[in-house]
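To start, the structure itself, in structure tokens.
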Amino acid sequence: MEGSKVPAVSPAEAKIQMGTLTDASMAQAGVSNASVALLQKQGVSTVDEVEALGPSEWAHLYASGLTIRDQRALTAMAAGHTQSMPDPQPANLKLNVYAALVGIACTAPSVLIGSINEFGPFGPERALTYEESLTHVFLPGCLYLVVSVAVVEAYRSVFSTDVLKERSSSMSLRDAMRGNLTNMAVVAALLLTVIIAMMQVDKPLDEAKALLSQWYEIFLFAAMVPCFSSVVQASMLLLYIEPLDEAASIQFIGTFVDYFGEPSFAVIFGIANFIPAMSLWLFGSYSYAVGLVSSFAMVLLIRKVMLTFMYLMHWTNETLDEATRKERTAEALAMRVAATRVSMSPTKVKRLSSTVSVSAGL
């Protein structure tokens with residue numbers, strides 16, 4: 001192994017190579033250079049030899065400088081060496097029906113408004129009076145925004161707690177969260193450019209005060225708010241987590257676990273509001289038939305997104321043992337409950353930080 005340049009391979013490819021531990025495969029798995037040299041010195045060169053190490057051998061390696069993080073990376077490689085590829089998950093009828101209902105619920109308002117615009121008393125050339133705008137736009141619009149914010153607040157920690165429960169032991173929680181925040185900020189920023197342009201460039205009807213035109217702007221604004229919030233929150237969280245090490249990052253993430261999950265859910269909710277606005281544009285600019293076809297397509301789109309989200313939520317990391325899973329599930333639930341109370345008092349933030357475990361096994 002020494003003196004030869006080994007091409008970069010993944011742990012899965014190392015398995016194909018008769019379980020040999022190469023410099024590249026161990027580096028890919030996150031094992032430090034010092035631990036690689038230590039294993040070479042001790043004569044450990046295959047995955048089978050790692051699996052055969054007992055408590056006394058691990059204790060000797062610890063005493064010689066092996067870190068717990070590297071030990072977990074090695075055991076993860078050993079587990080991956082013998083683990084077979086699982087069968088694809090079978091279709092879940094209940095989740096499919098639920099996802100379709102969510103798609104119908106998200107698309108129904110645009111179909112209703114498009115129908116009123118086509119057949120109701122508030123046609124495309126009819127400007128709403130002050131009283132009509134108050135009862136048909138202002139009050140229901142405010143209610144819709146309040147419900148939207150309440151839904152985001154209620155489910156914002158789902159993503160972050162799932163990551164906490166299912167992450168592999170050898171992975172850095174700090175790096176995982178930083179990557180998630182960066183990705184969501186980029187996606188939300190791209191959506192913002194489209195949404196803001198649609199709000200300002202033109203309207204679906206010549207009459208700006210028509211019912212359809214006003215609701216078109218409301219849906220766009222309801223899509224802009226969560227996307228803008230996602231960009232700002234992700235930027236602020238990245239600013240604070242950047243100078244922290246792994247232990248401090250676990251404290252920080254545990255304290256604000258709901259904030260770390262909100263950007264992802266906010267982007268999904270922004271898309272859910274952007275879709276009805278697109279349908280209203282087609283209802284107003286083209287025809288009722290085109291609007292209906294677009295609404296049906298939107299139902300299929302939202303169903304697919306929601307179904308993917310729910311399947312991912314139900315996935316479990318089978319490489320984790322049952323004791324670790326139960327411990328993490330309890331910790332994630334405690335974080336979710338405690339994080340909802342953080343805003344009550346700054347003292348509670350400090351108290352919660354002190355109770356979050358900083359061990360690598362969190």
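To be explicit about the labels: the chains of the structure tokens are called A, B, and onward in the order shown, and within each one the residues are counted from 1, while ligands get numbers from 1 in the order they are shown.
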Spatial neighbours of Gly261 in chain A, max dist 6 Å, only C-alpha atoms, sep filter under 6 positions, as a list in words
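That gives Arg156, Ser157, Phe159 and Ser160 of chain A.
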For range 279-290 of chain A, find every residue with an atom within 9 Å (counting only C-alpha atoms), except residues of its own chain fewer than 5 positions away, and show them as a short mmCIF file (atom, residue, chain, number, x, y, z; two decimals) with all heavy atoms, in the first residue's frame.
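The resulting file, result_5.cif, is shown below:
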```cif
data_model
loop_
_atom_site.label_atom_id
_atom_site.label_comp_id
_atom_site.auth_asym_id
_atom_site.auth_seq_id
_atom_site.Cartn_x
_atom_site.Cartn_y
_atom_site.Cartn_z
N THR A 107 -54.47 23.43 -4.91
CA THR A 107 -54.90 23.93 -6.22
C THR A 107 -56.34 24.44 -6.20
O THR A 107 -56.71 25.25 -7.06
CB THR A 107 -54.76 22.82 -7.27
OG1 THR A 107 -53.48 22.21 -7.14
CG2 THR A 107 -54.89 23.37 -8.68
N SER A 110 -57.21 28.37 -6.56
CA SER A 110 -57.05 28.98 -7.88
C SER A 110 -58.18 28.55 -8.83
O SER A 110 -58.64 29.35 -9.64
CB SER A 110 -55.69 28.60 -8.48
OG SER A 110 -55.56 27.19 -8.60
N VAL A 111 -58.64 27.29 -8.70
CA VAL A 111 -59.76 26.83 -9.53
C VAL A 111 -61.03 27.59 -9.16
O VAL A 111 -61.82 28.00 -10.03
CB VAL A 111 -59.96 25.32 -9.38
CG1 VAL A 111 -61.21 24.86 -10.14
CG2 VAL A 111 -58.73 24.57 -9.88
N ILE A 113 -61.29 30.64 -7.78
CA ILE A 113 -61.20 32.03 -8.23
C ILE A 113 -61.31 32.12 -9.75
O ILE A 113 -61.95 33.02 -10.29
CB ILE A 113 -59.87 32.65 -7.74
CG1 ILE A 113 -59.87 32.72 -6.21
CG2 ILE A 113 -59.68 34.04 -8.32
CD1 ILE A 113 -58.53 33.08 -5.61
N GLY A 114 -60.69 31.16 -10.46
CA GLY A 114 -60.82 31.14 -11.90
C GLY A 114 -62.25 30.91 -12.36
O GLY A 114 -62.71 31.49 -13.35
N SER A 115 -63.00 30.07 -11.60
CA SER A 115 -64.39 29.82 -11.94
C SER A 115 -65.25 31.06 -11.70
O SER A 115 -66.15 31.38 -12.49
CB SER A 115 -64.91 28.64 -11.12
OG SER A 115 -64.17 27.46 -11.38
N ASN A 117 -64.17 34.10 -11.81
CA ASN A 117 -63.80 35.05 -12.85
C ASN A 117 -64.51 34.74 -14.18
O ASN A 117 -64.86 35.64 -14.94
CB ASN A 117 -62.28 35.01 -13.05
CG ASN A 117 -61.80 35.93 -14.16
OD1 ASN A 117 -61.75 37.14 -14.00
ND2 ASN A 117 -61.44 35.34 -15.29
N GLU A 118 -64.74 33.45 -14.46
CA GLU A 118 -65.34 33.05 -15.72
C GLU A 118 -66.86 33.08 -15.68
O GLU A 118 -67.52 33.52 -16.64
CB GLU A 118 -64.86 31.65 -16.09
CG GLU A 118 -65.29 31.16 -17.46
CD GLU A 118 -64.54 31.85 -18.57
OE1 GLU A 118 -63.48 32.45 -18.31
OE2 GLU A 118 -65.03 31.80 -19.72
N PRO A 124 -63.75 39.42 -15.50
CA PRO A 124 -62.41 39.95 -15.76
C PRO A 124 -62.36 41.46 -15.93
O PRO A 124 -61.31 42.07 -15.76
CB PRO A 124 -61.98 39.23 -17.05
CG PRO A 124 -63.26 38.80 -17.69
CD PRO A 124 -64.20 38.52 -16.57
N LYS A 203 -49.76 41.85 -15.11
CA LYS A 203 -50.85 41.21 -14.38
C LYS A 203 -51.66 40.37 -15.35
O LYS A 203 -51.65 40.61 -16.57
CB LYS A 203 -51.73 42.26 -13.69
CG LYS A 203 -52.15 43.40 -14.58
CD LYS A 203 -52.82 44.49 -13.79
CE LYS A 203 -53.30 45.63 -14.69
NZ LYS A 203 -52.20 46.30 -15.40
N PRO A 204 -52.40 39.35 -14.87
CA PRO A 204 -53.11 38.45 -15.79
C PRO A 204 -54.29 39.11 -16.50
O PRO A 204 -54.68 38.65 -17.57
CB PRO A 204 -53.57 37.32 -14.88
CG PRO A 204 -53.62 37.91 -13.51
CD PRO A 204 -52.52 38.92 -13.47
N LEU A 205 -54.86 40.18 -15.94
CA LEU A 205 -56.00 40.88 -16.55
C LEU A 205 -55.67 42.36 -16.71
O LEU A 205 -54.84 42.91 -15.97
CB LEU A 205 -57.26 40.72 -15.68
CG LEU A 205 -57.77 39.30 -15.46
CD1 LEU A 205 -58.93 39.32 -14.47
CD2 LEU A 205 -58.20 38.65 -16.77
N LEU A 212 -59.55 38.26 -9.74
CA LEU A 212 -58.46 37.35 -10.10
C LEU A 212 -57.11 38.04 -10.03
O LEU A 212 -56.13 37.46 -9.56
CB LEU A 212 -58.72 36.79 -11.50
CG LEU A 212 -57.79 35.67 -11.98
CD1 LEU A 212 -58.54 34.65 -12.82
CD2 LEU A 212 -56.63 36.25 -12.80
N SER A 213 -57.03 39.30 -10.48
CA SER A 213 -55.76 40.03 -10.45
C SER A 213 -55.27 40.24 -9.02
O SER A 213 -54.07 40.10 -8.73
CB SER A 213 -55.91 41.39 -11.14
OG SER A 213 -56.19 41.23 -12.51
N TRP A 215 -56.00 38.41 -6.29
CA TRP A 215 -55.58 37.15 -5.68
C TRP A 215 -54.29 36.62 -6.32
O TRP A 215 -53.51 35.93 -5.66
CB TRP A 215 -56.70 36.12 -5.78
CG TRP A 215 -57.63 36.21 -4.62
CD1 TRP A 215 -58.85 36.81 -4.58
CD2 TRP A 215 -57.39 35.71 -3.31
NE1 TRP A 215 -59.40 36.72 -3.33
CE2 TRP A 215 -58.52 36.04 -2.52
CE3 TRP A 215 -56.35 35.02 -2.70
CZ2 TRP A 215 -58.62 35.70 -1.18
CZ3 TRP A 215 -56.44 34.69 -1.37
CH2 TRP A 215 -57.56 35.02 -0.62
N TYR A 216 -54.06 36.97 -7.56
CA TYR A 216 -52.80 36.61 -8.20
C TYR A 216 -51.62 37.23 -7.44
O TYR A 216 -50.62 36.56 -7.15
CB TYR A 216 -52.82 37.10 -9.65
CG TYR A 216 -51.50 37.01 -10.38
CD1 TYR A 216 -51.02 35.79 -10.82
CD2 TYR A 216 -50.76 38.17 -10.63
CE1 TYR A 216 -49.80 35.72 -11.51
CE2 TYR A 216 -49.55 38.10 -11.31
CZ TYR A 216 -49.08 36.88 -11.75
OH TYR A 216 -47.89 36.82 -12.42
N PHE A 274 -46.68 29.55 -5.02
CA PHE A 274 -46.31 29.98 -6.36
C PHE A 274 -47.14 29.27 -7.43
O PHE A 274 -47.51 29.86 -8.45
CB PHE A 274 -44.82 29.71 -6.57
CG PHE A 274 -44.32 30.01 -7.95
CD1 PHE A 274 -44.16 31.32 -8.38
CD2 PHE A 274 -43.99 28.99 -8.82
CE1 PHE A 274 -43.69 31.60 -9.65
CE2 PHE A 274 -43.51 29.25 -10.09
CZ PHE A 274 -43.36 30.57 -10.51
N SER A 295 -54.21 23.48 -13.68
CA SER A 295 -54.51 23.12 -12.29
C SER A 295 -54.36 21.62 -12.08
O SER A 295 -53.84 21.17 -11.05
CB SER A 295 -55.92 23.56 -11.92
OG SER A 295 -56.04 24.97 -12.01
N MET A 298 -50.80 20.87 -11.86
CA MET A 298 -50.27 21.31 -10.58
C MET A 298 -50.60 20.31 -9.46
O MET A 298 -49.81 20.10 -8.55
CB MET A 298 -50.81 22.69 -10.22
CG MET A 298 -50.38 23.80 -11.17
SD MET A 298 -48.60 23.91 -11.39
CE MET A 298 -48.49 25.27 -12.55
#
```
Those of range 137-322 of chain A in DSSP helix (DSSP H, G or I), formatted as a ChimeraX atom specification
/A:137-155,158-166,173-201,211-241,246-255,257-285,288-314,322
How far is it from CA of Glu327 in chain A to CA of Arg174 in chain A, in Å with one decimal?
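So the two atoms, CA of Glu327 in chain A and CA of Arg174 in chain A, lie 19.5 Å apart.
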Please determine, counting only C-alpha atoms, which residue among A:Val194, A:Ala127, A:Leu300, A:Val257 has the shortest atom-to-atom distance to Asp162 in chain A.
A:Val257
When you count only C-alpha atoms, which of these residues is closest to Val50 in chain A: A:Leu190, A:Ala272, A:Leu307, A:Leu74?
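Checking each candidate against Val50 in chain A, we get A:Leu74 as the closest.
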Of the listed residues A:Ile218, A:Arg328, A:Asp245, A:Met184, that which approaches Leu143 in chain A most closely, counting only C-alpha atoms:
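Nearest to Leu143 in chain A: A:Ile218.
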Ranking A:Tyr155, A:Phe269, A:Tyr62, A:Trp315 by minimum distance to Ile302 in chain A and counting only C-alpha atoms, which one comes first?
A:Phe269
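Between Ala52 in chain A and the candidates A:Thr75, A:Gln40, A:Gln28, A:Thr129, the tightest atom-to-atom separation, counting only C-alpha atoms, involves A:Thr75.
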Which residues come within 12 Å of Ala59 in chain A, counting only C-alpha atoms, excluding same-chain residues fewer than 6 positions away, as a PDB file with N, CA, C and O atoms, in the first residue's frame?
```
ATOM      1  N   LEU A  53     -11.681  -6.775  15.348  1.00  0.00           N
ATOM      2  CA  LEU A  53     -11.086  -6.096  16.500  1.00  0.00           C
ATOM      3  C   LEU A  53     -12.016  -6.175  17.711  1.00  0.00           C
ATOM      4  O   LEU A  53     -13.203  -5.883  17.620  1.00  0.00           O
ATOM      5  N   GLY A  65      -3.576   6.723  19.933  1.00  0.00           N
ATOM      6  CA  GLY A  65      -3.945   7.965  19.266  1.00  0.00           C
ATOM      7  C   GLY A  65      -5.165   7.910  18.368  1.00  0.00           C
ATOM      8  O   GLY A  65      -5.533   8.918  17.759  1.00  0.00           O
ATOM      9  N   LEU A  66      -5.833   6.760  18.258  1.00  0.00           N
ATOM     10  CA  LEU A  66      -7.033   6.671  17.432  1.00  0.00           C
ATOM     11  C   LEU A  66      -8.172   7.453  18.091  1.00  0.00           C
ATOM     12  O   LEU A  66      -8.410   7.332  19.294  1.00  0.00           O
ATOM     13  N   THR A  67      -8.893   8.254  17.319  1.00  0.00           N
ATOM     14  CA  THR A  67     -10.001   9.040  17.861  1.00  0.00           C
ATOM     15  C   THR A  67     -11.316   8.269  17.725  1.00  0.00           C
ATOM     16  O   THR A  67     -11.440   7.338  16.917  1.00  0.00           O
ATOM     17  N   ILE A  68     -12.297   8.659  18.533  1.00  0.00           N
ATOM     18  CA  ILE A  68     -13.612   8.017  18.479  1.00  0.00           C
ATOM     19  C   ILE A  68     -14.252   8.259  17.114  1.00  0.00           C
ATOM     20  O   ILE A  68     -14.908   7.370  16.552  1.00  0.00           O
ATOM     21  N   GLN A  71     -12.783   5.850  14.737  1.00  0.00           N
ATOM     22  CA  GLN A  71     -13.258   4.491  15.021  1.00  0.00           C
ATOM     23  C   GLN A  71     -14.659   4.287  14.447  1.00  0.00           C
ATOM     24  O   GLN A  71     -14.968   3.225  13.889  1.00  0.00           O
TER      25      GLN A  71
END
```
Kindly give the distance, in Å, that separates CA of Met236 in chain A and CA of Tyr259 in chain A, rounded to a single decimal.
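Those two atoms sit 10.2 Å apart.
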Extract, using only C-alpha atoms, all DNA, RNA and protein residues at most 9 Å from Ile195 in chain A, discarding same-chain residues fewer than 2 positions from it, and format them as an mmCIF file with C-alpha atoms, in the first residue's frame.
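Below is the file around_22.cif, written as the result:
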```cif
data_model
loop_
_atom_site.group_PDB
_atom_site.id
_atom_site.type_symbol
_atom_site.label_atom_id
_atom_site.label_comp_id
_atom_site.auth_asym_id
_atom_site.auth_seq_id
_atom_site.Cartn_x
_atom_site.Cartn_y
_atom_site.Cartn_z
ATOM 1 C CA LEU A 190 -33.590 31.630 -7.302
ATOM 2 C CA LEU A 191 -37.319 31.381 -6.606
ATOM 3 C CA LEU A 192 -37.337 34.948 -5.298
ATOM 4 C CA THR A 193 -35.990 36.318 -8.567
ATOM 5 C CA ALA A 197 -40.385 39.597 -11.439
ATOM 6 C CA MET A 198 -43.894 38.154 -11.828
ATOM 7 C CA MET A 199 -45.243 40.558 -9.206
ATOM 8 C CA GLN A 200 -43.922 43.657 -10.965
ATOM 9 C CA LEU A 220 -47.234 35.647 -5.241
ATOM 10 C CA PHE A 221 -46.673 37.605 -2.038
ATOM 11 C CA ALA A 223 -44.805 32.682 -2.001
ATOM 12 C CA MET A 224 -42.290 35.518 -1.637
ATOM 13 C CA PHE A 274 -46.309 29.985 -6.362
#
```
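Here CA of Ala29 in chain A is placed at a distance of 10.7 Å from CA of Arg69 in chain A.
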